[in-house]
Amino acid sequence: MNIAIFFSGNGSNMLNIKNAVDEKKIEANIKVYICNNRNAKGIKKLKESRDNLIIIDHHNFSSINNWEKEVEKHLKNLEISLICLAGFMKILSKKFVKRWERKIINIHPSLLPAFKGLNAQKQALNYGVKYSGCTIHYVNEELDSGEIIDQSIVGISKNETVSSLTKKILIEEHKIYINALRNIVKRN
Ligand code: GAR
């Protein structure tokens, strides 16, 4: 299975998938890493795999549709059959998502449907929930609303901060992403 990984920032989920593929825990080919932000910290983490990186900075495009057109040229050339959003912080257009129906998965740092959108960890703390976690899901036309593939729960302690909660959740994100991806690849 040819996969593309989209990321925007730190790239820990991206690197986690790369390592799992390198270690043959997932039998997929990462044909391309697409980054929409030329300053993303994750870029350096790719090291020798930077040959497969394409930076398509969204600042150079007048609309998300034009950005997606450029991205899709690469996806088609490389015969990509699954897009893994791994800390990808742009909202894809409904048209793009429709064209790639059930071919895009995303990781989100909350127990969806709670705390959609940005700063999910902060939203959870502000709300005062006692548990939060992460969700891996298919991407549909509504933000953070596609079919849930898997979730993992973390407890929130009394003196939790956004930073400590983010770290706790990331550990779980890395686990469920690999499980979900492995299962999807096996089925295809
Ligand atoms: C992760 O916590 C991911 O769930 C979140 O951004 C972080 C990226 O970390 N994604 C979203 O909030 C998407 N709405 P990473 O760059 O280290 O993988």
# chains A, B, ... in the order shown; residues from 1 in each chain; ligands from 1

$ residues_around --residues "A:Met89" --least-positions-apart "3" --cutoff "12 Å" --atoms "only C-alpha atoms" --output "number ranges by chain"
A: 6-11, 35-37, 40, 58, 85-86, 92, 106-108, 117-119, 143-144

$ select_by_dssp --residues "stretch 30-143 of chain A" --states "helix (DSSP H, G or I)" --output "PyMOL selection string"
chain A and resi 42-45+47-52+58-60+64-77+94-99+120-127

$ select_by_dssp --residues "stretch 87-148 of chain A" --states "strand (DSSP E or B)" --output "ChimeraX atom specification"
/A:104-108,131-138,148

$ residues_around --residues "A:Asp150" --least-positions-apart "5" --cutoff "9 Å" --atoms "only C-alpha atoms" --output "PDB file with C-alpha atoms, in the first residue's frame"
ATOM      1  CA  CYS A 134      -7.043  10.659  21.552  1.00  0.00           C
ATOM      2  CA  THR A 135      -8.962   9.437  18.556  1.00  0.00           C
ATOM      3  CA  ILE A 136      -7.943   8.054  15.207  1.00  0.00           C
ATOM      4  CA  HIS A 137     -10.674   8.456  12.646  1.00  0.00           C
ATOM      5  CA  ILE A 176      -3.265   3.779  18.354  1.00  0.00           C
ATOM      6  CA  TYR A 177      -1.985   5.283  15.101  1.00  0.00           C
ATOM      7  CA  ASN A 179      -2.430  -0.245  15.352  1.00  0.00           C
ATOM      8  CA  ALA A 180      -5.002   1.428  13.146  1.00  0.00           C
TER       9      ALA A 180
END

$ decode --residues "stretch 84-99 of chain A" --atoms "all heavy atoms" --output "compact mmCIF listing (two decimals), in the first residue's frame"
# COMPACT_ATOMS: atom_id res chain seq x y z
N CYS A 84 -2.24 9.75 5.46
CA CYS A 84 -2.21 9.76 6.92
C CYS A 84 -1.94 11.19 7.39
O CYS A 84 -0.85 11.72 7.17
CB CYS A 84 -1.09 8.86 7.42
SG CYS A 84 -1.29 7.15 6.94
N LEU A 85 -2.94 11.80 8.02
CA LEU A 85 -2.72 13.13 8.58
C LEU A 85 -2.07 12.93 9.94
O LEU A 85 -2.61 12.22 10.80
CB LEU A 85 -4.04 13.89 8.72
CG LEU A 85 -4.89 14.05 7.45
CD1 LEU A 85 -6.12 14.91 7.73
CD2 LEU A 85 -4.08 14.65 6.30
N ALA A 86 -0.90 13.51 10.11
CA ALA A 86 -0.12 13.27 11.33
C ALA A 86 0.32 14.63 11.88
O ALA A 86 1.41 15.10 11.58
CB ALA A 86 1.09 12.39 10.99
N GLY A 87 -0.59 15.26 12.63
CA GLY A 87 -0.30 16.62 13.08
C GLY A 87 -0.37 17.58 11.91
O GLY A 87 0.45 18.48 11.77
N PHE A 88 -1.37 17.36 11.06
CA PHE A 88 -1.57 18.25 9.90
C PHE A 88 -2.62 19.28 10.30
O PHE A 88 -3.74 18.92 10.66
CB PHE A 88 -2.03 17.43 8.69
CG PHE A 88 -2.25 18.27 7.46
CD1 PHE A 88 -1.17 18.84 6.80
CD2 PHE A 88 -3.53 18.51 6.98
CE1 PHE A 88 -1.36 19.64 5.68
CE2 PHE A 88 -3.73 19.29 5.86
CZ PHE A 88 -2.64 19.86 5.22
N MET A 89 -2.26 20.56 10.24
CA MET A 89 -3.09 21.57 10.89
C MET A 89 -3.88 22.45 9.92
O MET A 89 -4.35 23.52 10.30
CB MET A 89 -2.22 22.43 11.82
CG MET A 89 -1.47 21.64 12.87
SD MET A 89 -2.47 20.45 13.81
CE MET A 89 -3.17 21.54 15.04
N LYS A 90 -4.05 22.01 8.69
CA LYS A 90 -4.92 22.75 7.75
C LYS A 90 -6.22 21.97 7.60
O LYS A 90 -6.21 20.73 7.67
CB LYS A 90 -4.27 22.87 6.37
CG LYS A 90 -3.11 23.80 6.28
CD LYS A 90 -3.46 25.25 6.50
CE LYS A 90 -4.07 25.92 5.29
NZ LYS A 90 -4.32 27.37 5.58
N ILE A 91 -7.30 22.70 7.36
CA ILE A 91 -8.56 22.01 7.12
C ILE A 91 -8.70 21.79 5.61
O ILE A 91 -8.65 22.74 4.83
CB ILE A 91 -9.75 22.82 7.67
CG1 ILE A 91 -9.59 22.96 9.19
CG2 ILE A 91 -11.08 22.17 7.32
CD1 ILE A 91 -10.65 23.83 9.87
N LEU A 92 -8.82 20.52 5.24
CA LEU A 92 -8.94 20.19 3.81
C LEU A 92 -10.35 20.53 3.32
O LEU A 92 -11.32 20.46 4.08
CB LEU A 92 -8.65 18.69 3.62
CG LEU A 92 -7.22 18.28 3.98
CD1 LEU A 92 -7.11 16.76 4.12
CD2 LEU A 92 -6.21 18.81 2.96
N SER A 93 -10.44 20.87 2.04
CA SER A 93 -11.75 21.25 1.49
C SER A 93 -12.67 20.04 1.42
O SER A 93 -12.21 18.90 1.34
CB SER A 93 -11.59 21.86 0.09
OG SER A 93 -11.31 20.83 -0.83
N LYS A 94 -13.97 20.33 1.45
CA LYS A 94 -14.96 19.24 1.38
C LYS A 94 -14.79 18.46 0.09
O LYS A 94 -14.95 17.25 0.06
CB LYS A 94 -16.37 19.81 1.46
CG LYS A 94 -16.71 20.36 2.85
CD LYS A 94 -18.15 20.84 2.89
CE LYS A 94 -18.45 21.72 4.06
NZ LYS A 94 -18.73 21.21 5.31
N LYS A 95 -14.48 19.18 -1.02
CA LYS A 95 -14.33 18.50 -2.31
C LYS A 95 -13.17 17.51 -2.29
O LYS A 95 -13.27 16.40 -2.79
CB LYS A 95 -14.10 19.52 -3.42
CG LYS A 95 -15.34 20.21 -3.85
CD LYS A 95 -15.06 21.12 -5.02
CE LYS A 95 -16.34 21.86 -5.41
NZ LYS A 95 -16.06 23.01 -6.27
N PHE A 96 -12.06 17.96 -1.71
CA PHE A 96 -10.88 17.08 -1.63
C PHE A 96 -11.21 15.85 -0.81
O PHE A 96 -10.93 14.71 -1.20
CB PHE A 96 -9.72 17.85 -1.01
CG PHE A 96 -8.43 17.06 -0.89
CD1 PHE A 96 -7.48 17.10 -1.91
CD2 PHE A 96 -8.16 16.29 0.23
CE1 PHE A 96 -6.30 16.38 -1.81
CE2 PHE A 96 -6.98 15.55 0.34
CZ PHE A 96 -6.05 15.60 -0.69
N VAL A 97 -11.85 16.07 0.34
CA VAL A 97 -12.18 14.96 1.24
C VAL A 97 -13.13 13.98 0.55
O VAL A 97 -13.00 12.76 0.69
CB VAL A 97 -12.78 15.52 2.55
CG1 VAL A 97 -13.35 14.41 3.41
CG2 VAL A 97 -11.73 16.30 3.32
N LYS A 98 -14.06 14.51 -0.23
CA LYS A 98 -15.02 13.66 -0.94
C LYS A 98 -14.27 12.79 -1.96
O LYS A 98 -14.53 11.59 -2.10
CB LYS A 98 -16.06 14.55 -1.63
CG LYS A 98 -17.22 13.83 -2.23
CD LYS A 98 -18.24 13.43 -1.17
CE LYS A 98 -19.22 12.42 -1.74
NZ LYS A 98 -19.66 11.45 -0.76
N ARG A 99 -13.32 13.43 -2.68
CA ARG A 99 -12.57 12.66 -3.69
C ARG A 99 -11.74 11.54 -3.04
O ARG A 99 -11.48 10.53 -3.65
CB ARG A 99 -11.61 13.58 -4.47
CG ARG A 99 -12.29 14.47 -5.48
CD ARG A 99 -11.29 15.02 -6.50
NE ARG A 99 -10.33 15.95 -5.94
CZ ARG A 99 -10.54 17.25 -5.74
NH1 ARG A 99 -11.73 17.77 -6.03
NH2 ARG A 99 -9.61 18.03 -5.25
